[in-house]
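Peer 1: One structure coming up, written as structure tokens, with questions to follow.
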Amino acid sequence: MKVNFHHFGLAGLLLIGVAGLTAQRPAADKGLKDYYQQYFPIGVAVSTQALKNPAETALILQQFNSLTPENDMKMGPIHPEENRYNWGPADAIVDFAQGHKLRVRGHNLCWHEQTPKWLFKNADGSQVSKEVLLKRLHDHIDAVVKRYKGKIYAWDVVNEAIADNPNEFLRNSDWYKICGEDFIAEAFRYAHAADPQAVLFYNDYNTERPEKMERIYKLLKKLKDAHVPIDAVGLQGHWSLVEPTEQELRTTIERFGSLGLKVQVTELDVSVYPWEKDRRARRPDESDAYTPEMQQKQTAQYKLFFKVFRDEAKYMTGITFWNISDHYSWLDTYPVAGRKNHPLLFDENFKPKPAYYEVVKF
Ligand code: G3I
């Protein structure tokens, strides 16, 4: 269509100017959740501490419509002794969400980290049998999922079961050593029995690296073929200035989607350092500076990732950030203690960064 500027006049030009300005500067009463209302919920991982800080709760309520407890529903924190659950912190997060009409993703039911001390041992200190461990897994999942039935819409049922070593398939965790691979399917069956409405996820990191993606695909296909009640896959999204590529991300979403699974990004952050799974000492030439180059590259990454999420919206049912703002991120202490990172859309003073404006401009 040809636009005739003679007929458009000054008022038209003014309108274009105002529209341009509002596209640059989002309205104060709008947040990520509003810009993405037609696409998917936008969530954030929280602690009970954050929910006591008015600056953080204000930001949460303006920007997000879904919460994930960062640590408080993991088996160690929530089930410290075989016959004792520590419901307080998890309840506080669920109550906050209910009070403000936010969704909750449960994280997580079965993981090799943050497990309670009693889990893999008998009273005499010897290793439990497969039968005992599966019974403990069942009882744990049954209690936790039933407690929050109707309040938690989705669960990360099994977290990070694939090995880091590309030459291995499943991680050689205590779960695997004692149960073989059966614990994975059983965890999904227990969760489905406890809440048939809950959306059940397999969740992992580095899901876009082609070789790991193939191993995860193999696991998910096996579960689907065996009619295990799995609904979705979580790409954790602990990304960086250098990965993943656009093609890797699209391929991953589409390949998992082709199995009939929904896809969420469950733990998004964009580290300004390369991914390092293994802790290493800080190099002498390494500083904490958040340089303009880093920020530019990070802005471009966020812009690209959200464009892909919108393009692939038919598979995507949610994007969750791992922590609220650069005020605090788990990456401030991992893998190098005391090295400040700046991986999120809001800065240390809770203000939107340039990346935020790119994410909401479309
Ligand atoms: O609660 C104790 C506290 O009592 C103690 O004084 C303190 C001293 O170290 O530690 C506290 O526990 C810490 C816990 O976070 C709560 O703050 C643990 O040391 C620390 O290791 C733990 O880190 C968490 C990590 O999972 C555990 O592996 C991070 O906060 C959390 O962000 C991170 O989240 C994981 C996801 O669940 C799965 N995907 C990867 C992601 C990042 O690692």
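Every chain in the structure tokens has a letter given in the order shown (A, B, ...), and although residue numbers restart at 1 in each chain, ligands are simply numbered from 1 in the order shown.
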Per residue of chain A within 9 Å of ligand 1, record the nearest atom pair and its distance in Å to one decimal, counting only C-alpha atoms and all ligand atoms, with rows in chain order and ascending residue number, as CSV.
Peer 2:
```
residue,atom,partner,partner_atom_place_in_ligand_line,distance
A:Ala45,CA,ligand 1,32 (O),8.2
A:Ser47,CA,ligand 1,17 (O),8.5
A:Pro69,CA,ligand 1,37 (O),8.9
A:Glu70,CA,ligand 1,32 (O),5.6
A:Asn71,CA,ligand 1,31 (C),6.0
A:Asp72,CA,ligand 1,16 (C),8.2
A:Lys74,CA,ligand 1,37 (O),7.6
A:Pro77,CA,ligand 1,1 (O),7.7
A:His107,CA,ligand 1,37 (O),7.1
A:Asn108,CA,ligand 1,37 (O),7.5
A:Trp111,CA,ligand 1,38 (C),8.5
A:Glu113,CA,ligand 1,28 (O),5.9
A:Gln114,CA,ligand 1,27 (C),6.2
A:Asn159,CA,ligand 1,38 (C),7.1
A:Glu160,CA,ligand 1,39 (N),7.7
A:Asn203,CA,ligand 1,39 (N),8.2
A:Asp204,CA,ligand 1,39 (N),7.1
A:Tyr205,CA,ligand 1,39 (N),6.9
A:Gln236,CA,ligand 1,39 (N),6.5
A:His238,CA,ligand 1,40 (C),7.8
A:Thr266,CA,ligand 1,39 (N),8.8
A:Glu267,CA,ligand 1,39 (N),7.0
A:Trp322,CA,ligand 1,32 (O),7.1
A:Asn323,CA,ligand 1,32 (O),7.7
A:Ser329,CA,ligand 1,32 (O),7.5
A:Trp330,CA,ligand 1,32 (O),4.8
A:Leu331,CA,ligand 1,42 (C),7.8
A:Thr333,CA,ligand 1,23 (O),8.8
A:Tyr334,CA,ligand 1,43 (O),7.8
```
Peer 1: Contacts between region 36-40 of chain A and region 58-105 of chain A, please, where a residue of region 58-105 of chain A counts if it comes within 12 Å (with only C-alpha atoms); show its shortest atom pair and distance in Å to one decimal, rows by chain and ascending number, as a Markdown table.
Peer 2:
```
| residue | atom | partner | partner_atom | distance |
| --- | --- | --- | --- | --- |
| A:Gln63 | CA | A:Tyr36 | CA | 10.3 |
| A:Phe64 | CA | A:Tyr36 | CA | 10.0 |
| A:Asn65 | CA | A:Gln37 | CA | 9.6 |
| A:Ser66 | CA | A:Phe40 | CA | 10.2 |
| A:Arg103 | CA | A:Phe40 | CA | 11.7 |
```
Peer 1: Could you please write out, as a list in words, every residue of region 84-165 of chain A that DSSP assigns to strand (DSSP E or B)?
Peer 2: Arg84, Arg103, Val104, Arg105, Gly106, His107, Asn108, Leu109, Cys110, Lys121, Gln127, Ala154, Trp155, Asp156, Val157, Val158, Asn159 and Ile162 of chain A
Peer 1: Pull the alpha helix (DSSP H) assignments for region 162-334 of chain A out of DSSP run on the backbone, and list those residues as number ranges by chain.
Peer 2: A: 174-179, 182-194, 210-225, 246-257, 292-311
Peer 1: Quick one: write out the picked residues with C-alpha atoms as a compact mmCIF listing (two decimals), in the first residue's frame?
Peer 2:
```
# COMPACT_ATOMS: atom_id res chain seq x y z
CA ASP A 174 22.27 -42.06 43.53
CA TRP A 175 18.81 -42.27 41.98
CA TYR A 176 20.28 -44.03 38.95
CA LYS A 177 22.75 -46.18 40.87
CA ILE A 178 20.00 -47.55 43.09
CA CYS A 179 16.97 -47.66 40.75
CA ASP A 182 12.98 -46.68 36.31
CA PHE A 183 12.91 -43.78 38.77
CA ILE A 184 12.19 -41.38 35.91
CA ALA A 185 8.99 -43.00 34.62
CA GLU A 186 7.86 -43.78 38.17
CA ALA A 187 8.25 -40.17 39.27
CA PHE A 188 5.93 -39.06 36.46
CA ARG A 189 3.39 -41.78 37.31
CA TYR A 190 3.37 -40.83 41.01
CA ALA A 191 2.92 -37.13 40.17
CA HIS A 192 0.10 -37.82 37.73
CA ALA A 193 -1.70 -40.03 40.25
CA ALA A 194 -1.43 -37.31 42.92
CA PRO A 210 23.05 -30.57 19.68
CA GLU A 211 24.50 -33.70 21.26
CA LYS A 212 22.76 -33.19 24.60
CA MET A 213 19.53 -32.30 22.82
CA GLU A 214 19.66 -35.66 21.04
CA ARG A 215 20.14 -37.55 24.31
CA ILE A 216 17.23 -35.69 25.91
CA TYR A 217 15.11 -36.35 22.83
CA LYS A 218 15.89 -40.05 23.12
CA LEU A 219 14.79 -40.08 26.77
CA LEU A 220 11.59 -38.13 26.10
CA LYS A 221 10.67 -40.30 23.12
CA LYS A 222 11.15 -43.41 25.21
CA LEU A 223 8.84 -41.98 27.89
CA LYS A 224 6.21 -40.97 25.34
CA ASP A 225 6.36 -44.36 23.60
CA GLU A 246 19.20 -18.92 16.86
CA GLN A 247 19.23 -22.14 14.87
CA GLU A 248 20.05 -24.29 17.90
CA LEU A 249 17.20 -22.73 19.87
CA ARG A 250 14.62 -23.09 17.09
CA THR A 251 15.66 -26.66 16.33
CA THR A 252 15.42 -27.63 20.00
CA ILE A 253 11.93 -26.17 20.48
CA GLU A 254 10.63 -27.70 17.26
CA ARG A 255 12.21 -31.09 17.83
CA PHE A 256 10.78 -31.45 21.34
CA GLY A 257 7.49 -29.98 20.09
CA PRO A 292 29.16 -1.59 27.43
CA GLU A 293 30.14 -4.35 25.00
CA MET A 294 28.77 -7.01 27.34
CA GLN A 295 25.55 -5.08 27.78
CA GLN A 296 25.11 -4.60 24.02
CA LYS A 297 25.69 -8.25 23.32
CA GLN A 298 23.33 -9.24 26.12
CA THR A 299 20.64 -6.91 24.76
CA ALA A 300 20.99 -8.50 21.32
CA GLN A 301 20.76 -11.99 22.84
CA TYR A 302 17.58 -11.21 24.78
CA LYS A 303 16.03 -9.59 21.70
CA LEU A 304 16.83 -12.65 19.61
CA PHE A 305 15.63 -15.18 22.19
CA PHE A 306 12.26 -13.49 22.66
CA LYS A 307 11.78 -13.20 18.89
CA VAL A 308 12.30 -16.96 18.65
CA PHE A 309 9.87 -17.56 21.56
CA ARG A 310 7.18 -15.50 19.80
CA ASP A 311 7.85 -17.22 16.47
```
Peer 1: Calculated over only C-alpha atoms, which of the candidates A:Asp156, A:Asp231, A:Asp326, A:Asp142 has the smallest distance to Gly260 (chain A)?
Peer 2: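 Looking at the shortest contact to Gly260 (chain A), the residue is A:Asp231.
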Peer 1: Quick one: everything within 12 Å of Glu81 (chain A), counting only C-alpha atoms, minus sequence neighbours fewer than 5 positions away in the same chain. Send it as a ChimeraX atom specification.
Peer 2: /A:75-76,86,115-121,123,136,140
Peer 1: Of the candidates A:Asn206, A:Thr317, A:Ser271, A:Thr245, which shows the shortest atom-to-atom distance to Ile42 (chain A), using only C-alpha atoms?
Peer 2: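 For Ile42 (chain A), the nearest of the given residues is A:Thr317.
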Peer 1: Let me make sure I understand: among A:Val263, A:Ala355, A:Ala337, A:Val46, which one has the smallest atom-to-atom distance to Ile60 (chain A) if we use only C-alpha atoms?
Peer 2: A:Val46
Peer 1: Determine the nearest neighbour of Lys135 (chain A) from the options A:Glu168, A:Asp91, A:Glu82, A:Glu358, counting only C-alpha atoms.
Peer 2: A:Glu82
Peer 1: Using only C-alpha atoms, which residues sit within 10 Å of Leu61 (chain A) once same-chain residues fewer than 5 positions away are excluded, as a ChimeraX atom specification?
Peer 2: /A:31,33,56,66,97,100-102
Peer 1: If you measure from CA of Ala163 (chain A) to CA of Glu181 (chain A), what distance in Å do you get, rounded to one decimal?
Peer 2: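 According to the coordinates, CA of Ala163 (chain A) and CA of Glu181 (chain A) are separated by 12.3 Å.
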